[in-house]
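**Student:** Below is the structure I would like to discuss, written out as structure tokens.
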Amino acid sequence: MRSFTAFLITIIALVACTTQDVCDSDLKASAVASLYTTRNGVPTDTIISGFSLYGIRENLPDSLLYDSANVSKLQLPLDPNHNKSSFVISIREQSDTIHIHHESTLYLVSYTCGFAHNYNIQSIDHTGHIIQLIEPVNEFVLAEETNEKEHFRIYF
Amino acid sequence: MNLFLLKRLTRRSISGFIFSLILLSSFKATAQDTLRTFGPRLGIDMARFAYLFADPRQKGTALSLDFEVYKNIYPALELGFNSTAFERETFSYASRGFFGRIGLDYNLLPVKDRSVHHIIYAGTRYGTGLFSHRAEHIITPDNYWGDYVRDEYRNNLTGHWLELNAGIRTEVADNFFMGWTVRYMFLISAGKDEIMTPYLVPGYGRADFNRSAGISYWIMYRIPLIKK
């Protein structure tokens with residue numbers, strides 16, 4: 001009986017020593033777009049000034065992600081509730097709309113961090129007032145990757 | 001035959017009979033000392049109950065069956081169940097299922113007297129756990145597009161592992177045993193689920209560790225079927 005009590009205490013002590021982790025990751029998947037201009041037929045990466053962008057959201061007011069900013073790269077959060085994320089780009093007085101068609105996959109990152117979405121970009125279409133071309137680079141947008149990875153290029 | 005001779009023979013016969021009885025009984029006593037009891041030994045793992053104090057989320061127990069089929073060799077079968085459930089900020093999780101372990105134990109303790117049944121053993125097991133796990137009220141927070149909400153995700157899985165075991169069994173009263181087992185486990189597969197890796201494989205433990213250790217504290221009873 002004494003040995004069983006000692007055994008019981010040991011087990012309780014061992015189990016009670018486990019700690020709960022804290023999640024410090026940002027798990028929102030964003031598509032990264034680099035901005036290019038074409039001069040004399042040669043594309044060059046560029047910084048665009050006076051750049052504004054917002055997403056077209058259902059039943060929610062417009063909310064700017066970029067407001068008259070100077071940008072060379074965009075981070076576009078993708079919509080986990082739909083298979084399409086749409087954005088309006090404005091440079092000074094002109095604007096275009098981009099539709100990113102994607103599939104999303106829900107997955108458990110960890111029991112501490114919870115769930116997140118990975119995306120697979122199927123296609124991108126756009127209006128052509130200021131945008132000349134959108135070139136896909138990488139179709140997979142992952143929740144746990146850094147924001148350095150480029151997913152498509154926008155040519156003005 | 002005269003009466004005297006008859007009396008002498010009768011006295012000698014009685015003496016002989018008594019001597020034979022003593023001799024026989026002494027032989028019988030010696031034979032009893034060397035008899036060994038065989039029979040299936042049933043056990044329950046009490047270590048699982050310790051978790052009820054330390055981690056009430058985890059529930060389960062195991063039953064065991066072993067039998068000395070050959071000198072020092074004990075085929076063993078263990079069956080049990082395990083469940084866990086917990087809440088996180090963005091989902092709740094539950095898992096429950098059954099497990100089985102099958103293998104052999106080999107007694108390393110030299111048997112000096114066949115009536116002694118204590119053993120110190122080493123053994124191996126193959127284990128498998130059949131379980132279902134589910135997450136409910138899943139939320140992926142998104143302050144731009146709006147939170148994504150999914151009511152439930154569930155899946156049925158099967159895990160596999162191998163074990164090295166060591167332990168003791170002490171006969172504390174006739175046919176009643178107590179003892180413990182320490183086990184070192186090698187995960188072969190926790191079950192394939194690309195959306196939600198399982199938290200726990202019943203009978204093995206945390207699924208995110210490829211190696212795991214465990215301990216059992218057994219109370220056992222042997223059904224004394226055979227004495228030979």
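Chain labels follow the order of the structure tokens: the first chain is A, the next B, and so on; residue numbering restarts at 1 in every chain, and ligands are counted from 1 in their shown order.
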Using only C-alpha atoms, which residues sit within 12 Å of Gly41 of chain A once same-chain residues fewer than 4 positions away are excluded, as a ChimeraX atom specification?

**Tutor:** /A:36-37,155-156

**Student:** Kindly export the residues of the current selection with N, CA and C atoms, as a short mmCIF file (atom, residue, chain, number, x, y, z; two decimals), in the first residue's frame.

**Tutor:**
```cif
data_model
loop_
_atom_site.label_atom_id
_atom_site.label_comp_id
_atom_site.auth_asym_id
_atom_site.auth_seq_id
_atom_site.Cartn_x
_atom_site.Cartn_y
_atom_site.Cartn_z
N TYR A 36 5.49 46.31 -60.46
CA TYR A 36 6.47 46.55 -61.53
C TYR A 36 5.92 47.58 -62.51
N THR A 37 6.84 48.31 -63.08
CA THR A 37 6.48 49.16 -64.23
C THR A 37 7.34 48.72 -65.41
N TYR A 155 1.96 44.42 -63.05
CA TYR A 155 2.66 45.33 -63.95
C TYR A 155 1.74 46.51 -64.28
N PHE A 156 2.26 47.73 -64.11
CA PHE A 156 1.50 48.94 -64.44
C PHE A 156 2.06 49.56 -65.72
#
```

**Student:** Can you check which residues of chain B have any atom within 9 Å of chain A? Use only C-alpha atoms and format it as a list in words.

**Tutor:**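 Residues of chain B within 9 Å of chain A, counting only C-alpha atoms: Ala47, Phe49, Ala50, Tyr51, Phe53, Ala54, Asp55, Arg88, Glu89, Thr90, Phe91, Ile138, Ile139, Thr140, Pro141, Asp142, Tyr144, Trp145, Gly146, Asp147, Tyr148, Val149, Glu194, Ile195, Met196, Thr197, Tyr199, Ile215 and Tyr217 of chain B.
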
**Student:** If we count only C-alpha atoms, what is near Trp180 of chain B at a cut-off of 8 Å, once residues fewer than 4 positions away on the same chain are taken out, given as number ranges by chain?

**Tutor:** B: 167-169, 215-218

**Student:** Those residues with N, CA, C and O atoms, as a compact mmCIF listing (two decimals), in the first residue's frame please?

**Tutor:**
```
# COMPACT_ATOMS: atom_id res chain seq x y z
N GLY B 167 9.33 -5.08 -15.88
CA GLY B 167 8.51 -4.92 -14.68
C GLY B 167 8.61 -6.09 -13.73
O GLY B 167 9.42 -7.01 -13.94
N ILE B 168 7.80 -6.03 -12.71
CA ILE B 168 7.76 -7.11 -11.73
C ILE B 168 6.31 -7.49 -11.44
O ILE B 168 5.40 -6.69 -11.62
N ARG B 169 6.13 -8.73 -11.02
CA ARG B 169 4.84 -9.20 -10.51
C ARG B 169 5.14 -9.95 -9.21
O ARG B 169 5.94 -10.89 -9.22
N ILE B 215 3.91 4.02 -17.71
CA ILE B 215 4.03 3.17 -16.53
C ILE B 215 2.64 2.63 -16.17
O ILE B 215 1.64 3.33 -16.34
N SER B 216 2.61 1.41 -15.73
CA SER B 216 1.35 0.80 -15.28
C SER B 216 1.58 0.20 -13.90
O SER B 216 2.68 -0.26 -13.59
N TYR B 217 0.54 0.23 -13.12
CA TYR B 217 0.59 -0.41 -11.80
C TYR B 217 -0.55 -1.42 -11.75
O TYR B 217 -1.72 -1.05 -11.78
N TRP B 218 -0.18 -2.68 -11.71
CA TRP B 218 -1.17 -3.75 -11.90
C TRP B 218 -1.62 -4.38 -10.60
O TRP B 218 -0.80 -4.62 -9.71
```

**Student:** I want to know what sits within 8 Å of Ile188 of chain B, based on only C-alpha atoms, with residues of the same chain fewer than 3 positions away left out; could you give that as a list of chain:residue names?

**Tutor:** B:Gly159, B:His160, B:Trp161, B:Leu162, B:Asn210

**Student:** Can you write just those residues out, all heavy atoms, as a PDB file, in the first residue's frame?

**Tutor:**
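Output file again_18.pdb is given in full below:
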```
ATOM      1  N   GLY B 159      -3.862   4.183 -34.792  1.00  0.00           N
ATOM      2  CA  GLY B 159      -2.433   4.378 -34.509  1.00  0.00           C
ATOM      3  C   GLY B 159      -1.762   3.038 -34.233  1.00  0.00           C
ATOM      4  O   GLY B 159      -2.417   2.068 -33.833  1.00  0.00           O
ATOM      5  N   HIS B 160      -0.457   2.987 -34.469  1.00  0.00           N
ATOM      6  CA  HIS B 160       0.322   1.762 -34.247  1.00  0.00           C
ATOM      7  C   HIS B 160       1.626   2.112 -33.543  1.00  0.00           C
ATOM      8  O   HIS B 160       2.222   3.143 -33.837  1.00  0.00           O
ATOM      9  CB  HIS B 160       0.676   1.074 -35.574  1.00  0.00           C
ATOM     10  CG  HIS B 160      -0.499   0.827 -36.451  1.00  0.00           C
ATOM     11  ND1 HIS B 160      -1.283  -0.295 -36.354  1.00  0.00           N
ATOM     12  CD2 HIS B 160      -1.042   1.575 -37.449  1.00  0.00           C
ATOM     13  CE1 HIS B 160      -2.242  -0.234 -37.263  1.00  0.00           C
ATOM     14  NE2 HIS B 160      -2.125   0.887 -37.933  1.00  0.00           N
ATOM     15  N   TRP B 161       2.094   1.231 -32.680  1.00  0.00           N
ATOM     16  CA  TRP B 161       3.380   1.447 -32.032  1.00  0.00           C
ATOM     17  C   TRP B 161       3.963   0.121 -31.547  1.00  0.00           C
ATOM     18  O   TRP B 161       3.268  -0.900 -31.514  1.00  0.00           O
ATOM     19  CB  TRP B 161       3.253   2.427 -30.872  1.00  0.00           C
ATOM     20  CG  TRP B 161       2.463   1.926 -29.699  1.00  0.00           C
ATOM     21  CD1 TRP B 161       2.954   1.325 -28.572  1.00  0.00           C
ATOM     22  CD2 TRP B 161       1.034   1.966 -29.526  1.00  0.00           C
ATOM     23  NE1 TRP B 161       1.917   0.992 -27.722  1.00  0.00           N
ATOM     24  CE2 TRP B 161       0.741   1.369 -28.278  1.00  0.00           C
ATOM     25  CE3 TRP B 161      -0.016   2.447 -30.298  1.00  0.00           C
ATOM     26  CZ2 TRP B 161      -0.567   1.253 -27.799  1.00  0.00           C
ATOM     27  CZ3 TRP B 161      -1.313   2.324 -29.814  1.00  0.00           C
ATOM     28  CH2 TRP B 161      -1.565   1.742 -28.593  1.00  0.00           C
ATOM     29  N   LEU B 162       5.248   0.163 -31.193  1.00  0.00           N
ATOM     30  CA  LEU B 162       5.939  -0.994 -30.604  1.00  0.00           C
ATOM     31  C   LEU B 162       6.449  -0.600 -29.228  1.00  0.00           C
ATOM     32  O   LEU B 162       6.719   0.578 -28.980  1.00  0.00           O
ATOM     33  CB  LEU B 162       7.112  -1.427 -31.489  1.00  0.00           C
ATOM     34  CG  LEU B 162       6.749  -1.973 -32.868  1.00  0.00           C
ATOM     35  CD1 LEU B 162       8.008  -2.171 -33.705  1.00  0.00           C
ATOM     36  CD2 LEU B 162       5.982  -3.290 -32.749  1.00  0.00           C
ATOM     37  N   ASN B 210       7.490  10.991 -31.102  1.00  0.00           N
ATOM     38  CA  ASN B 210       7.781   9.711 -31.752  1.00  0.00           C
ATOM     39  C   ASN B 210       8.229   8.639 -30.767  1.00  0.00           C
ATOM     40  O   ASN B 210       8.233   7.452 -31.086  1.00  0.00           O
ATOM     41  CB  ASN B 210       8.856   9.889 -32.826  1.00  0.00           C
ATOM     42  CG  ASN B 210       8.308  10.623 -34.020  1.00  0.00           C
ATOM     43  OD1 ASN B 210       7.139  10.485 -34.360  1.00  0.00           O
ATOM     44  ND2 ASN B 210       9.147  11.439 -34.642  1.00  0.00           N
TER      45      ASN B 210
END
```

**Student:** Please return, as a list in words, all residues of segment 6-146 of chain A that DSSP assigns to helix (DSSP H, G or I) on the basis of the backbone.

**Tutor:**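 Checking each residue of segment 6-146 of chain A, the helix (DSSP H, G or I) ones are Ala6, Phe7, Leu8, Ile9, Thr10, Ile11, Ile12, Ala13, Leu14, Val15 and Ala16 of chain A.
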
**Student:** Excluding same-chain residues fewer than 3 positions from Val111 of chain B, what lies within 12 Å of it counting only C-alpha atoms, as a list in words?

**Tutor:**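 Using only C-alpha atoms, the neighbours found are Thr34, Arg36, Lys71, Asn72, Asn107, Leu108, Arg114, Ser115, Val116, His117, His118, Ile119 and Ile120 of chain B.
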
**Student:** Keeping only N, CA and C atoms, take the residues you just selected and write them out as a PDB file, in the first residue's frame.

**Tutor:**
```
ATOM      1  N   THR B  34       6.604 -28.622  -4.848  1.00  0.00           N
ATOM      2  CA  THR B  34       7.139 -28.402  -6.180  1.00  0.00           C
ATOM      3  C   THR B  34       6.045 -28.236  -7.228  1.00  0.00           C
ATOM      4  N   ARG B  36       3.360 -26.304  -9.402  1.00  0.00           N
ATOM      5  CA  ARG B  36       3.258 -24.946  -9.906  1.00  0.00           C
ATOM      6  C   ARG B  36       1.833 -24.727 -10.402  1.00  0.00           C
ATOM      7  N   LYS B  71       7.884 -22.594 -19.684  1.00  0.00           N
ATOM      8  CA  LYS B  71       8.679 -22.101 -18.561  1.00  0.00           C
ATOM      9  C   LYS B  71       9.212 -20.688 -18.832  1.00  0.00           C
ATOM     10  N   ASN B  72       8.799 -19.737 -17.987  1.00  0.00           N
ATOM     11  CA  ASN B  72       9.246 -18.339 -18.020  1.00  0.00           C
ATOM     12  C   ASN B  72       8.674 -17.519 -19.179  1.00  0.00           C
ATOM     13  N   ASN B 107      10.395 -14.142 -18.098  1.00  0.00           N
ATOM     14  CA  ASN B 107      10.800 -14.026 -16.697  1.00  0.00           C
ATOM     15  C   ASN B 107      12.312 -14.175 -16.554  1.00  0.00           C
ATOM     16  N   LEU B 108      12.932 -13.169 -15.936  1.00  0.00           N
ATOM     17  CA  LEU B 108      14.387 -13.185 -15.760  1.00  0.00           C
ATOM     18  C   LEU B 108      14.780 -13.677 -14.371  1.00  0.00           C
ATOM     19  N   ARG B 114       9.252 -24.179  -7.471  1.00  0.00           N
ATOM     20  CA  ARG B 114       8.208 -24.078  -8.500  1.00  0.00           C
ATOM     21  C   ARG B 114       6.907 -23.487  -7.956  1.00  0.00           C
ATOM     22  N   SER B 115       6.786 -23.434  -6.638  1.00  0.00           N
ATOM     23  CA  SER B 115       5.564 -22.843  -6.088  1.00  0.00           C
ATOM     24  C   SER B 115       5.685 -21.321  -5.956  1.00  0.00           C
ATOM     25  N   VAL B 116       6.865 -20.793  -6.233  1.00  0.00           N
ATOM     26  CA  VAL B 116       7.048 -19.337  -6.175  1.00  0.00           C
ATOM     27  C   VAL B 116       6.701 -18.750  -7.540  1.00  0.00           C
ATOM     28  N   HIS B 117       5.849 -17.741  -7.540  1.00  0.00           N
ATOM     29  CA  HIS B 117       5.373 -17.203  -8.814  1.00  0.00           C
ATOM     30  C   HIS B 117       5.769 -15.761  -9.068  1.00  0.00           C
ATOM     31  N   HIS B 118       6.616 -15.185  -8.190  1.00  0.00           N
ATOM     32  CA  HIS B 118       7.081 -13.809  -8.456  1.00  0.00           C
ATOM     33  C   HIS B 118       7.894 -13.823  -9.751  1.00  0.00           C
ATOM     34  N   ILE B 119       7.783 -12.753 -10.496  1.00  0.00           N
ATOM     35  CA  ILE B 119       8.636 -12.662 -11.687  1.00  0.00           C
ATOM     36  C   ILE B 119       9.192 -11.249 -11.848  1.00  0.00           C
ATOM     37  N   ILE B 120      10.367 -11.214 -12.423  1.00  0.00           N
ATOM     38  CA  ILE B 120      10.929  -9.954 -12.930  1.00  0.00           C
ATOM     39  C   ILE B 120      11.085 -10.190 -14.420  1.00  0.00           C
TER      40      ILE B 120
END
```

**Student:** Using DSSP on the backbone coordinates, identify the residues of segment 17-152 of chain A assigned to strand (DSSP E or B); present them as a PyMOL selection string.

**Tutor:** chain A and resi 30-39+42-45+48-55+64-71+73-77+84-91+94-110+114-126+133-136+140-141+152

**Student:** So which residues touch Leu133 of chain A within 12 Å, counting only C-alpha atoms, skipping near sequence neighbours fewer than 3 positions away, as a PyMOL selection string?

**Tutor:** chain A and resi 35-38+43+96+98+124-130+136+152-156

**Student:** So how far away is atom CA of Tyr74 of chain B from atom CA of Phe38 of chain B, in Å?

**Tutor:**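 Calculated distance between atom CA of Phe38 of chain B and atom CA of Tyr74 of chain B is 11.0 Å.
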
**Student:** List the spatial neighbours of Pro75 of chain B as a ChimeraX atom specification - criterion: any atom at most 10 Å away, only C-alpha atoms, same-chain residues fewer than 3 positions off excluded.

**Tutor:** /B:65-70,102-106,123-125

**Student:** What is the atom CA of Tyr93 of chain B to atom CA of Thr158 of chain B distance in Å?

**Tutor:**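 That distance, rounded to one decimal, is 17.7 Å.
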
**Student:** Tell me, in Å to one decimal, how far atom CA of Thr61 of chain B is from atom CA of Gly179 of chain B.

**Tutor:** 15.8 Å
